[in-house]
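Data file: upload_7.pdb. Format and content: PDB, C-alpha atoms.
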ATOM      1  CA  MET A 133      81.924  89.336  79.187
ATOM      2  CA  PRO A 134      83.135  92.347  77.189
ATOM      3  CA  ASN A 135      82.188  94.770  79.948
ATOM      4  CA  GLN A 136      84.285  92.847  82.422
ATOM      5  CA  GLY A 137      87.164  92.844  79.958
ATOM      6  CA  ARG A 138      86.870  96.584  79.483
ATOM      7  CA  LYS A 139      86.897  97.089  83.235
ATOM      8  CA  ILE A 140      90.093  95.099  83.491
ATOM      9  CA  ILE A 141      91.762  97.178  80.800
ATOM     10  CA  ILE A 142      90.706 100.402  82.518
ATOM     11  CA  ALA A 143      91.953  99.082  85.843
ATOM     12  CA  ALA A 144      95.289  98.158  84.333
ATOM     13  CA  SER A 145      95.772 101.554  82.735
ATOM     14  CA  VAL A 146      94.711 103.393  85.898
ATOM     15  CA  LEU A 147      97.207 101.355  87.858
ATOM     16  CA  SER A 148      99.946 101.825  85.296
ATOM     17  CA  ALA A 149      99.596 105.549  85.829
ATOM     18  CA  LEU A 150      99.409 105.212  89.598
ATOM     19  CA  PHE A 151     102.418 102.984  89.871
ATOM     20  CA  ALA A 152     104.509 104.412  87.091
ATOM     21  CA  THR A 153     107.656 104.009  89.144
ATOM     22  CA  SER A 154     107.105 100.409  90.135
ATOM     23  CA  LEU A 155     106.034  99.413  86.644
ATOM     24  CA  SER A 156     108.889 101.172  84.882
ATOM     25  CA  ALA A 157     110.811  97.899  85.128
ATOM     26  CA  GLU A 158     108.916  96.922  82.006
ATOM     27  CA  GLU A 159     110.242  99.937  80.122
ATOM     28  CA  GLY A 160     113.833  98.947  80.403
ATOM     29  CA  PRO A 161     115.843 100.025  83.450
ATOM     30  CA  THR A 162     119.416  98.779  83.354
ATOM     31  CA  PRO A 163     120.325  95.658  85.334
ATOM     32  CA  GLU A 164     122.155  97.975  87.746
ATOM     33  CA  GLN A 165     118.983 100.003  88.304
ATOM     34  CA  GLN A 166     117.001  96.813  88.751
ATOM     35  CA  ALA A 167     119.499  95.655  91.377
ATOM     36  CA  VAL A 168     119.164  98.936  93.301
ATOM     37  CA  THR A 169     115.366  98.701  93.216
ATOM     38  CA  ALA A 170     115.413  95.052  94.301
ATOM     39  CA  THR A 171     117.753  95.960  97.164
ATOM     40  CA  GLU A 172     115.580  98.877  98.276
ATOM     41  CA  ASN A 173     112.440  96.746  98.122
ATOM     42  CA  ARG A 174     113.899  94.013 100.296
ATOM     43  CA  GLN A 175     115.302  96.583 102.722
ATOM     44  CA  ALA A 176     111.776  98.005 102.957
ATOM     45  CA  VAL A 177     110.690  94.709 104.509
ATOM     46  CA  PHE A 178     113.382  94.962 107.192
ATOM     47  CA  LYS A 179     112.607  98.615 107.900
ATOM     48  CA  LEU A 180     108.992  97.697 108.592
ATOM     49  CA  LEU A 181     110.021  94.703 110.680
ATOM     50  CA  ALA A 182     112.137  97.066 112.817
ATOM     51  CA  VAL A 183     109.376  99.666 112.994
ATOM     52  CA  ASN A 184     106.968  97.038 114.265
ATOM     53  CA  ILE A 185     109.203  95.268 116.745
ATOM     54  CA  GLY A 186     110.363  98.637 118.097
ATOM     55  CA  PRO A 187     107.328  99.355 120.290
ATOM     56  CA  ILE A 188     107.400  95.776 121.642
ATOM     57  CA  VAL A 189     111.039  96.153 122.624
ATOM     58  CA  GLY A 190     110.075  99.504 124.127
ATOM     59  CA  MET A 191     107.498  97.787 126.331
ATOM     60  CA  ALA A 192     110.117  95.292 127.489
ATOM     61  CA  ARG A 193     112.317  98.248 128.411
ATOM     62  CA  GLY A 194     109.660  99.946 130.496
ATOM     63  CA  ALA A 195     107.197 101.679 128.175
ATOM     64  CA  PRO A 196     103.550 101.112 129.166
ATOM     65  CA  PHE A 197     102.379  97.625 128.167
ATOM     66  CA  ASP A 198      99.785  97.634 125.407
ATOM     67  CA  ALA A 199      98.668  94.103 124.591
ATOM     68  CA  ALA A 200      96.700  95.226 121.522
ATOM     69  CA  VAL A 201      99.713  96.944 119.972
ATOM     70  CA  ALA A 202     101.948  93.994 120.856
ATOM     71  CA  GLU A 203      99.522  91.598 119.162
ATOM     72  CA  ARG A 204      98.910  93.800 116.130
ATOM     73  CA  ASN A 205     102.607  94.418 115.510
ATOM     74  CA  ALA A 206     103.476  90.742 115.903
ATOM     75  CA  ARG A 207     100.819  89.795 113.353
ATOM     76  CA  ARG A 208     102.269  92.376 110.990
ATOM     77  CA  ILE A 209     105.723  90.862 111.539
ATOM     78  CA  ALA A 210     104.311  87.449 110.590
ATOM     79  CA  VAL A 211     102.987  88.902 107.324
ATOM     80  CA  LEU A 212     106.196  90.804 106.579
ATOM     81  CA  ALA A 213     108.263  87.680 107.243
ATOM     82  CA  THR A 214     106.573  85.926 104.313
ATOM     83  CA  MET A 215     107.926  88.644 102.028
ATOM     84  CA  ILE A 216     111.583  88.078 102.992
ATOM     85  CA  PRO A 217     112.433  85.056 100.818
ATOM     86  CA  GLU A 218     110.252  86.435  98.030
ATOM     87  CA  ARG A 219     112.129  89.748  97.877
ATOM     88  CA  PHE A 220     115.507  87.986  97.787
ATOM     89  CA  ALA A 221     114.288  85.541  95.138
ATOM     90  CA  ALA A 222     113.094  88.518  93.065
ATOM     91  CA  MET A 223     116.689  89.273  92.099
ATOM     92  CA  ASP A 224     120.102  87.858  92.863
ATOM     93  CA  THR A 225     122.105  91.065  93.324
ATOM     94  CA  ARG A 226     125.449  89.414  94.077
ATOM     95  CA  ALA A 227     127.000  90.670  90.838
ATOM     96  CA  PHE A 228     126.086  94.313  91.536
ATOM     97  CA  ALA A 229     127.688  96.957  93.719
ATOM     98  CA  VAL A 230     124.578  97.610  95.783
ATOM     99  CA  GLU A 231     124.751  98.939  99.330
ATOM    100  CA  THR A 232     123.627  95.973 101.364
ATOM    101  CA  GLU A 233     124.187  93.997 104.551
ATOM    102  CA  ALA A 234     122.841  90.871 102.885
ATOM    103  CA  LEU A 235     125.499  88.170 102.620
ATOM    104  CA  PRO A 236     125.973  86.451  99.221
ATOM    105  CA  VAL A 237     125.418  83.091 100.922
ATOM    106  CA  ILE A 238     121.668  83.881 100.965
ATOM    107  CA  TRP A 239     121.420  82.950  97.295
ATOM    108  CA  GLU A 240     123.387  79.750  97.870
ATOM    109  CA  ASN A 241     120.975  78.545 100.558
ATOM    110  CA  PRO A 242     117.508  79.659  99.486
ATOM    111  CA  ASP A 243     115.779  76.757 101.260
ATOM    112  CA  ASP A 244     117.444  77.364 104.607
ATOM    113  CA  PHE A 245     116.906  81.100 104.218
ATOM    114  CA  ALA A 246     113.198  80.553 103.531
ATOM    115  CA  ALA A 247     112.934  78.143 106.466
ATOM    116  CA  LYS A 248     114.394  80.767 108.804
ATOM    117  CA  ALA A 249     111.893  83.348 107.536
ATOM    118  CA  ALA A 250     109.078  80.846 108.076
ATOM    119  CA  ALA A 251     110.349  80.283 111.629
ATOM    120  CA  LEU A 252     110.165  84.044 112.226
ATOM    121  CA  ALA A 253     106.584  84.124 110.962
ATOM    122  CA  GLU A 254     105.671  81.239 113.254
ATOM    123  CA  ALA A 255     107.381  82.815 116.275
ATOM    124  CA  ALA A 256     105.563  86.092 115.569
ATOM    125  CA  LEU A 257     102.190  84.325 115.493
ATOM    126  CA  THR A 258     102.983  82.544 118.740
ATOM    127  CA  PHE A 259     103.932  85.890 120.279
ATOM    128  CA  ALA A 260     100.724  87.469 118.957
ATOM    129  CA  ASP A 261      98.586  84.676 120.393
ATOM    130  CA  THR A 262     100.211  85.160 123.802
ATOM    131  CA  ALA A 263      99.720  88.926 123.592
ATOM    132  CA  ALA A 264      96.055  88.349 122.761
ATOM    133  CA  GLY A 265      95.757  86.809 126.241
ATOM    134  CA  GLY A 266      96.737  90.173 127.707
ATOM    135  CA  ASP A 267      99.311  88.868 130.196
ATOM    136  CA  GLN A 268     102.247  91.276 130.310
ATOM    137  CA  ALA A 269     104.854  88.939 131.789
ATOM    138  CA  ALA A 270     103.908  86.052 129.501
ATOM    139  CA  THR A 271     103.860  88.307 126.447
ATOM    140  CA  LEU A 272     107.140  90.095 127.050
ATOM    141  CA  GLY A 273     108.753  86.864 128.239
ATOM    142  CA  GLY A 274     108.101  85.593 124.722
ATOM    143  CA  LEU A 275     110.163  88.383 123.202
ATOM    144  CA  ARG A 276     113.321  86.339 123.666
ATOM    145  CA  ASN A 277     111.939  83.654 121.385
ATOM    146  CA  LEU A 278     110.784  86.182 118.807
ATOM    147  CA  GLY A 279     114.093  88.061 118.903
ATOM    148  CA  GLY A 280     115.902  84.748 118.608
ATOM    149  CA  SER A 281     114.117  84.119 115.317
ATOM    150  CA  CYS A 282     115.466  87.409 114.000
ATOM    151  CA  GLY A 283     118.939  86.647 115.297
ATOM    152  CA  ASN A 284     119.083  83.125 113.848
ATOM    153  CA  CYS A 285     118.832  84.575 110.399
ATOM    154  CA  HIS A 286     121.069  87.590 111.029
ATOM    155  CA  ASP A 287     123.827  85.300 112.345
ATOM    156  CA  SER A 288     123.995  83.387 109.068
ATOM    157  CA  TYR A 289     122.899  85.863 106.463
ATOM    158  CA  ARG A 290     123.622  89.432 107.529
ATOM    159  CA  VAL A 291     126.892  91.336 107.740
ATOM    160  CA  ASP A 292     128.097  91.259 111.324
ATOM    161  CA  ASP A 293     128.377  94.972 112.059
ATOM    162  CA  GLU A 294     129.134  94.776 115.757
TER     163      GLU A 294
ATOM    164  CA  MET B 118     108.209  86.469 138.993
ATOM    165  CA  PRO B 119     111.925  87.324 139.031
ATOM    166  CA  ASN B 120     112.672  84.714 136.364
ATOM    167  CA  GLN B 121     110.136  86.278 134.048
ATOM    168  CA  GLY B 122     111.646  89.694 134.711
ATOM    169  CA  ARG B 123     115.093  88.406 133.962
ATOM    170  CA  LYS B 124     113.871  86.922 130.708
ATOM    171  CA  ILE B 125     112.423  90.255 129.700
ATOM    172  CA  ILE B 126     115.696  92.017 130.414
ATOM    173  CA  ILE B 127     117.620  89.450 128.379
ATOM    174  CA  ALA B 128     115.115  89.763 125.539
ATOM    175  CA  ALA B 129     115.431  93.533 125.545
ATOM    176  CA  SER B 130     119.204  93.457 125.461
ATOM    177  CA  VAL B 131     119.268  90.805 122.725
ATOM    178  CA  LEU B 132     116.926  92.937 120.677
ATOM    179  CA  SER B 133     118.845  96.116 121.363
ATOM    180  CA  ALA B 134     121.836  94.448 119.797
ATOM    181  CA  LEU B 135     119.826  93.055 116.897
ATOM    182  CA  PHE B 136     118.138  96.303 116.090
ATOM    183  CA  ALA B 137     120.905  98.681 116.919
ATOM    184  CA  THR B 138     120.030 100.881 113.979
ATOM    185  CA  SER B 139     116.345 101.133 114.675
ATOM    186  CA  LEU B 140     116.894 101.721 118.352
ATOM    187  CA  SER B 141     119.576 104.330 117.912
ATOM    188  CA  ALA B 142     116.826 106.976 117.999
ATOM    189  CA  GLU B 143     117.186 106.718 121.750
ATOM    190  CA  GLU B 144     120.852 107.595 121.593
ATOM    191  CA  GLY B 145     120.343 110.961 120.020
ATOM    192  CA  PRO B 146     120.238 111.321 116.243
ATOM    193  CA  THR B 147     119.684 114.875 115.095
ATOM    194  CA  PRO B 148     116.168 115.986 114.154
ATOM    195  CA  GLU B 149     117.350 115.982 110.527
ATOM    196  CA  GLN B 150     118.463 112.360 110.818
ATOM    197  CA  GLN B 151     115.174 111.477 112.476
ATOM    198  CA  ALA B 152     113.293 113.099 109.594
ATOM    199  CA  VAL B 153     115.268 111.086 107.035
ATOM    200  CA  THR B 154     114.580 107.856 108.917
ATOM    201  CA  ALA B 155     110.888 108.674 109.285
ATOM    202  CA  THR B 156     110.690 109.419 105.566
ATOM    203  CA  GLU B 157     112.459 106.189 104.627
ATOM    204  CA  ASN B 158     110.227 104.171 106.925
ATOM    205  CA  ARG B 159     107.028 105.547 105.451
ATOM    206  CA  GLN B 160     108.377 105.101 101.913
ATOM    207  CA  ALA B 161     109.051 101.469 102.840
ATOM    208  CA  VAL B 162     105.282 101.017 103.235
ATOM    209  CA  PHE B 163     104.645 102.351  99.735
ATOM    210  CA  LYS B 164     107.433 100.251  98.211
ATOM    211  CA  LEU B 165     105.831  97.122  99.620
ATOM    212  CA  LEU B 166     102.383  98.242  98.503
ATOM    213  CA  ALA B 167     103.759  98.601  94.957
ATOM    214  CA  VAL B 168     105.599  95.282  95.148
ATOM    215  CA  ASN B 169     102.398  93.552  96.145
ATOM    216  CA  ILE B 170     100.004  95.201  93.708
ATOM    217  CA  GLY B 171     102.507  94.689  90.886
ATOM    218  CA  PRO B 172     101.725  91.015  90.228
ATOM    219  CA  ILE B 173      97.970  91.738  90.362
ATOM    220  CA  VAL B 174      98.344  94.486  87.753
ATOM    221  CA  GLY B 175     100.478  92.053  85.780
ATOM    222  CA  MET B 176      97.616  89.546  85.774
ATOM    223  CA  ALA B 177      95.241  92.234  84.500
ATOM    224  CA  ARG B 178      97.729  92.888  81.702
ATOM    225  CA  GLY B 179      97.915  89.284  80.621
ATOM    226  CA  ALA B 180     100.154  87.391  83.017
ATOM    227  CA  PRO B 181      98.717  84.006  84.088
ATOM    228  CA  PHE B 182      95.947  84.426  86.650
ATOM    229  CA  ASP B 183      96.865  83.128  90.096
ATOM    230  CA  ALA B 184      93.984  83.548  92.529
ATOM    231  CA  ALA B 185      96.088  82.543  95.527
ATOM    232  CA  VAL B 186      98.722  85.188  94.816
ATOM    233  CA  ALA B 187      96.032  87.797  94.137
ATOM    234  CA  GLU B 188      94.371  87.009  97.458
ATOM    235  CA  ARG B 189      97.607  86.831  99.435
ATOM    236  CA  ASN B 190      98.937  90.104  98.039
ATOM    237  CA  ALA B 191      95.631  91.900  98.627
ATOM    238  CA  ARG B 192      95.604  90.768 102.263
ATOM    239  CA  ARG B 193      99.157  92.051 102.607
ATOM    240  CA  ILE B 194      98.040  95.376 101.129
ATOM    241  CA  ALA B 195      95.277  95.560 103.750
ATOM    242  CA  VAL B 196      97.857  95.086 106.495
ATOM    243  CA  LEU B 197     100.312  97.566 104.988
ATOM    244  CA  ALA B 198      97.536 100.158 104.604
ATOM    245  CA  THR B 199      97.103 100.258 108.380
ATOM    246  CA  MET B 200     100.711 101.398 108.668
ATOM    247  CA  ILE B 201     100.285 104.447 106.414
ATOM    248  CA  PRO B 202      98.732 106.940 108.866
ATOM    249  CA  GLU B 203     100.896 105.553 111.652
ATOM    250  CA  ARG B 204     104.142 106.198 109.753
ATOM    251  CA  PHE B 205     103.100 109.766 108.913
ATOM    252  CA  ALA B 206     101.993 110.406 112.492
ATOM    253  CA  ALA B 207     105.382 109.150 113.669
ATOM    254  CA  MET B 208     106.982 112.410 112.564
ATOM    255  CA  ASP B 209     105.852 115.583 110.870
ATOM    256  CA  THR B 210     108.727 116.179 108.454
ATOM    257  CA  ARG B 211     107.386 119.378 106.905
ATOM    258  CA  ALA B 212     110.164 121.477 108.377
ATOM    259  CA  PHE B 213     112.920 119.267 106.948
ATOM    260  CA  ALA B 214     114.462 119.065 103.493
ATOM    261  CA  VAL B 215     113.702 115.399 102.995
ATOM    262  CA  GLU B 216     113.275 113.865  99.555
ATOM    263  CA  THR B 217     109.587 113.109  99.455
ATOM    264  CA  GLU B 218     106.476 113.107  97.294
ATOM    265  CA  ALA B 219     104.291 113.496 100.383
ATOM    266  CA  LEU B 220     102.412 116.805 100.336
ATOM    267  CA  PRO B 221     102.507 118.963 103.491
ATOM    268  CA  VAL B 222      98.701 118.946 103.562
ATOM    269  CA  ILE B 223      98.865 115.380 104.945
ATOM    270  CA  TRP B 224      99.681 116.746 108.385
ATOM    271  CA  GLU B 225      96.876 119.294 108.168
ATOM    272  CA  ASN B 226      94.253 116.606 107.483
ATOM    273  CA  PRO B 227      95.262 113.591 109.541
ATOM    274  CA  ASP B 228      91.678 112.359 109.917
ATOM    275  CA  ASP B 229      90.905 112.443 106.200
ATOM    276  CA  PHE B 230      94.302 110.915 105.456
ATOM    277  CA  ALA B 231      93.627 108.080 107.895
ATOM    278  CA  ALA B 232      90.136 107.577 106.460
ATOM    279  CA  LYS B 233      91.580 107.186 102.971
ATOM    280  CA  ALA B 234      94.093 104.625 104.234
ATOM    281  CA  ALA B 235      91.259 102.755 105.963
ATOM    282  CA  ALA B 236      89.306 102.790 102.684
ATOM    283  CA  LEU B 237      92.316 101.231 100.953
ATOM    284  CA  ALA B 238      92.489  98.498 103.587
ATOM    285  CA  GLU B 239      88.781  97.805 103.157
ATOM    286  CA  ALA B 240      89.025  97.735  99.348
ATOM    287  CA  ALA B 241      91.964  95.341  99.599
ATOM    288  CA  LEU B 242      90.004  92.981 101.836
ATOM    289  CA  THR B 243      87.050  93.088  99.423
ATOM    290  CA  PHE B 244      89.424  92.314  96.564
ATOM    291  CA  ALA B 245      90.980  89.453  98.548
ATOM    292  CA  ASP B 246      87.586  87.957  99.332
ATOM    293  CA  THR B 247      86.676  88.027  95.639
ATOM    294  CA  ALA B 248      90.019  86.482  94.708
ATOM    295  CA  ALA B 249      89.389  83.734  97.254
ATOM    296  CA  GLY B 250      86.407  82.719  95.105
ATOM    297  CA  GLY B 251      88.833  82.004  92.263
ATOM    298  CA  ASP B 252      86.895  83.799  89.501
ATOM    299  CA  GLN B 253      89.366  85.583  87.234
ATOM    300  CA  ALA B 254      86.987  88.114  85.655
ATOM    301  CA  ALA B 255      85.353  89.001  88.966
ATOM    302  CA  THR B 256      88.723  89.315  90.693
ATOM    303  CA  LEU B 257      90.476  91.428  88.082
ATOM    304  CA  GLY B 258      87.310  93.466  87.502
ATOM    305  CA  GLY B 259      87.701  94.518  91.137
ATOM    306  CA  LEU B 260      91.126  95.997  90.443
ATOM    307  CA  ARG B 261      89.551  99.250  89.338
ATOM    308  CA  ASN B 262      88.036  99.687  92.787
ATOM    309  CA  LEU B 263      91.283  98.774  94.517
ATOM    310  CA  GLY B 264      93.323 101.059  92.267
ATOM    311  CA  GLY B 265      90.794 103.814  92.865
ATOM    312  CA  SER B 266      91.505 103.598  96.591
ATOM    313  CA  CYS B 267      95.176 104.196  95.882
ATOM    314  CA  GLY B 268      94.393 107.049  93.508
ATOM    315  CA  ASN B 269      91.967 108.791  95.878
ATOM    316  CA  CYS B 270      94.790 109.342  98.293
ATOM    317  CA  HIS B 271      97.456 110.126  95.691
ATOM    318  CA  ASP B 272      95.215 112.809  94.173
ATOM    319  CA  SER B 273      95.053 114.735  97.437
ATOM    320  CA  TYR B 274      98.259 113.886  99.189
ATOM    321  CA  ARG B 275     101.004 113.014  96.729
ATOM    322  CA  VAL B 276     103.026 115.230  94.402
ATOM    323  CA  ASP B 277     101.484 115.050  90.953
ATOM    324  CA  ASP B 278     104.448 113.891  88.925
ATOM    325  CA  GLU B 279     102.678 113.277  85.636
TER     326      GLU B 279
END

Whole structure given in structure tokens:
Amino acid sequence: MPNQGRKIIIAASVLSALFATSLSAEEGPTPEQQAVTATENRQAVFKLLAVNIGPIVGMARGAPFDAAVAERNARRIAVLATMIPERFAAMDTRAFAVETEALPVIWENPDDFAAKAAALAEAALTFADTAAGGDQAATLGGLRNLGGSCGNCHDSYRVDDE
Amino acid sequence: MPNQGRKIIIAASVLSALFATSLSAEEGPTPEQQAVTATENRQAVFKLLAVNIGPIVGMARGAPFDAAVAERNARRIAVLATMIPERFAAMDTRAFAVETEALPVIWENPDDFAAKAAALAEAALTFADTAAGGDQAATLGGLRNLGGSCGNCHDSYRVDDE
């Protein structure tokens, strides 16, 4: 199908232009630059996890309960959680002076690290299913379990900054 | 249910500790600091969009076709797209000297901006559904449409850096 092939080539060139920054890895950034990008990309996952759990924590602290937002954000957290091991597997940055709270032990225990991310995804889906029922006490009561999934991983794999 | 209430309080305090950074907005960062955080959080969405479209573009450029990855990443893009208008609505940073490629006109046209993000989400779901069928030519042929949804918004709302 030559037409299909042509379409693919056009799509690739359109996207190369659109995502010049993200694709520049193919044009030879230094390993140091690659490490900074890899670090920023994985931190992007955690920023969005925080942004999405924020309103749920807010509800537990007295903001008006919104079951739809609680469910939506928890489902987003489940999706974001799948990106955690992937972003760390993308590049082992232990040899680089990047600004990070990620402990080197992450790359020594990729299976346990991935299992903890999978547990977060599962806890987020459980939370979302409860929120879908619309019961405020049941939903927010489940926050401890969801937060525990975050904490389990932070305890082992994040710099203890407290 | 006092026990339920107690659980909620524990959950909130656990999460306050876990997400000290994200919750510090309540403890009084300056407007400038808030603008930087808001900018970083919205850029996190675009970093993850790029990270997820990257492998699809790679397939169009000759990397081995993986329908499951194409579908998974497109579904992630659909989820991430819903966060775009939300992250820009979170704070109008026009008055601050933040490092950004976002054009000020975004905050003058929130409805059109949101519509373009919704179109991206829809295009990503269409792409994912095609990928689920497993047909390489059909899937990658759809990249032009998906990339077009990115470009439609970049044309109007992002600094033209080419």

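Residue nearest Glu218 of chain A within the list A:Asp198, A:Ala170, A:Ala255, A:Glu240: A:Ala170 [criterion: smallest interatomic distance, all atoms listed in the file].
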
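Among the candidate residues B:Asn226, B:Thr199, B:Ser273, B:Thr210, the one lying nearest to chain A is B:Thr199, with distances computed using only C-alpha atoms.
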
* To do: Take the point (100.6, 88.3, 88.2) as written in the file and pick out every residue within 7 Å of it, counting only C-alpha atoms; give the list as a PyMOL selection string.
  => chain B and resi 172-176+180-183

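You can rank A:Ala210, A:Ala269, A:Ile238, A:Val291 by their closest distance to chain B using all atoms listed in the file, and at the top of that list sits A:Ala269.
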
* Non-local contacts of Phe205 of chain B (10 Å; all atoms listed in the file; under 2 positions in same chain excluded) as a PyMOL selection string -> chain B and resi 155-156+158-160+200-203+207-210+219+223-224+227+230-231

Export, as a tab-separated table (two decimals), keeping the file's coordinate frame, the selected residues with C-alpha atoms.
chain	number	residue	atom	x	y	z
B	155	ALA	CA	110.89	108.67	109.28
B	156	THR	CA	110.69	109.42	105.57
B	158	ASN	CA	110.23	104.17	106.92
B	159	ARG	CA	107.03	105.55	105.45
B	160	GLN	CA	108.38	105.10	101.91
B	200	MET	CA	100.71	101.40	108.67
B	201	ILE	CA	100.28	104.45	106.41
B	202	PRO	CA	98.73	106.94	108.87
B	203	GLU	CA	100.90	105.55	111.65
B	207	ALA	CA	105.38	109.15	113.67
B	208	MET	CA	106.98	112.41	112.56
B	209	ASP	CA	105.85	115.58	110.87
B	210	THR	CA	108.73	116.18	108.45
B	219	ALA	CA	104.29	113.50	100.38
B	223	ILE	CA	98.86	115.38	104.94
B	224	TRP	CA	99.68	116.75	108.38
B	227	PRO	CA	95.26	113.59	109.54
B	230	PHE	CA	94.30	110.92	105.46
B	231	ALA	CA	93.63	108.08	107.90

I'd like the residues picked by the PyMOL selection byres ((chain B and resi 263-271) around 10) written out as a PDB file with C-alpha atoms, in the coordinates of the input, using the chain letters and numbers from the file.
ATOM      1  CA  ALA A 143      91.953  99.082  85.843  1.00  0.00           C
ATOM      2  CA  ALA A 144      95.289  98.158  84.333  1.00  0.00           C
ATOM      3  CA  SER A 145      95.772 101.554  82.735  1.00  0.00           C
ATOM      4  CA  VAL A 146      94.711 103.393  85.898  1.00  0.00           C
ATOM      5  CA  LEU A 147      97.207 101.355  87.858  1.00  0.00           C
ATOM      6  CA  SER A 148      99.946 101.825  85.296  1.00  0.00           C
ATOM      7  CA  ALA A 149      99.596 105.549  85.829  1.00  0.00           C
ATOM      8  CA  LEU A 150      99.409 105.212  89.598  1.00  0.00           C
ATOM      9  CA  PHE A 151     102.418 102.984  89.871  1.00  0.00           C
TER      10      PHE A 151
ATOM     11  CA  LEU B 166     102.383  98.242  98.503  1.00  0.00           C
ATOM     12  CA  ILE B 170     100.004  95.201  93.708  1.00  0.00           C
ATOM     13  CA  VAL B 174      98.344  94.486  87.753  1.00  0.00           C
ATOM     14  CA  ALA B 191      95.631  91.900  98.627  1.00  0.00           C
ATOM     15  CA  ALA B 198      97.536 100.158 104.604  1.00  0.00           C
ATOM     16  CA  GLU B 218     106.476 113.107  97.294  1.00  0.00           C
ATOM     17  CA  ALA B 219     104.291 113.496 100.383  1.00  0.00           C
ATOM     18  CA  LEU B 220     102.412 116.805 100.336  1.00  0.00           C
ATOM     19  CA  ILE B 223      98.865 115.380 104.945  1.00  0.00           C
ATOM     20  CA  ASP B 229      90.905 112.443 106.200  1.00  0.00           C
ATOM     21  CA  PHE B 230      94.302 110.915 105.456  1.00  0.00           C
ATOM     22  CA  ALA B 231      93.627 108.080 107.895  1.00  0.00           C
ATOM     23  CA  ALA B 232      90.136 107.577 106.460  1.00  0.00           C
ATOM     24  CA  LYS B 233      91.580 107.186 102.971  1.00  0.00           C
ATOM     25  CA  ALA B 234      94.093 104.625 104.234  1.00  0.00           C
ATOM     26  CA  ALA B 235      91.259 102.755 105.963  1.00  0.00           C
ATOM     27  CA  ALA B 236      89.306 102.790 102.684  1.00  0.00           C
ATOM     28  CA  LEU B 237      92.316 101.231 100.953  1.00  0.00           C
ATOM     29  CA  ALA B 238      92.489  98.498 103.587  1.00  0.00           C
ATOM     30  CA  GLU B 239      88.781  97.805 103.157  1.00  0.00           C
ATOM     31  CA  ALA B 240      89.025  97.735  99.348  1.00  0.00           C
ATOM     32  CA  ALA B 241      91.964  95.341  99.599  1.00  0.00           C
ATOM     33  CA  LEU B 242      90.004  92.981 101.836  1.00  0.00           C
ATOM     34  CA  THR B 243      87.050  93.088  99.423  1.00  0.00           C
ATOM     35  CA  PHE B 244      89.424  92.314  96.564  1.00  0.00           C
ATOM     36  CA  LEU B 257      90.476  91.428  88.082  1.00  0.00           C
ATOM     37  CA  GLY B 258      87.310  93.466  87.502  1.00  0.00           C
ATOM     38  CA  GLY B 259      87.701  94.518  91.137  1.00  0.00           C
ATOM     39  CA  LEU B 260      91.126  95.997  90.443  1.00  0.00           C
ATOM     40  CA  ARG B 261      89.551  99.250  89.338  1.00  0.00           C
ATOM     41  CA  ASN B 262      88.036  99.687  92.787  1.00  0.00           C
ATOM     42  CA  ASP B 272      95.215 112.809  94.173  1.00  0.00           C
ATOM     43  CA  SER B 273      95.053 114.735  97.437  1.00  0.00           C
ATOM     44  CA  TYR B 274      98.259 113.886  99.189  1.00  0.00           C
ATOM     45  CA  ARG B 275     101.004 113.014  96.729  1.00  0.00           C
ATOM     46  CA  VAL B 276     103.026 115.230  94.402  1.00  0.00           C
ATOM     47  CA  ASP B 277     101.484 115.050  90.953  1.00  0.00           C
TER      48      ASP B 277
END

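In terms of minimum interatomic distance to chain A, B:Gln253 ranks closest within B:Thr217, B:Gln253, B:Thr147, B:Thr247, counting all atoms listed in the file.
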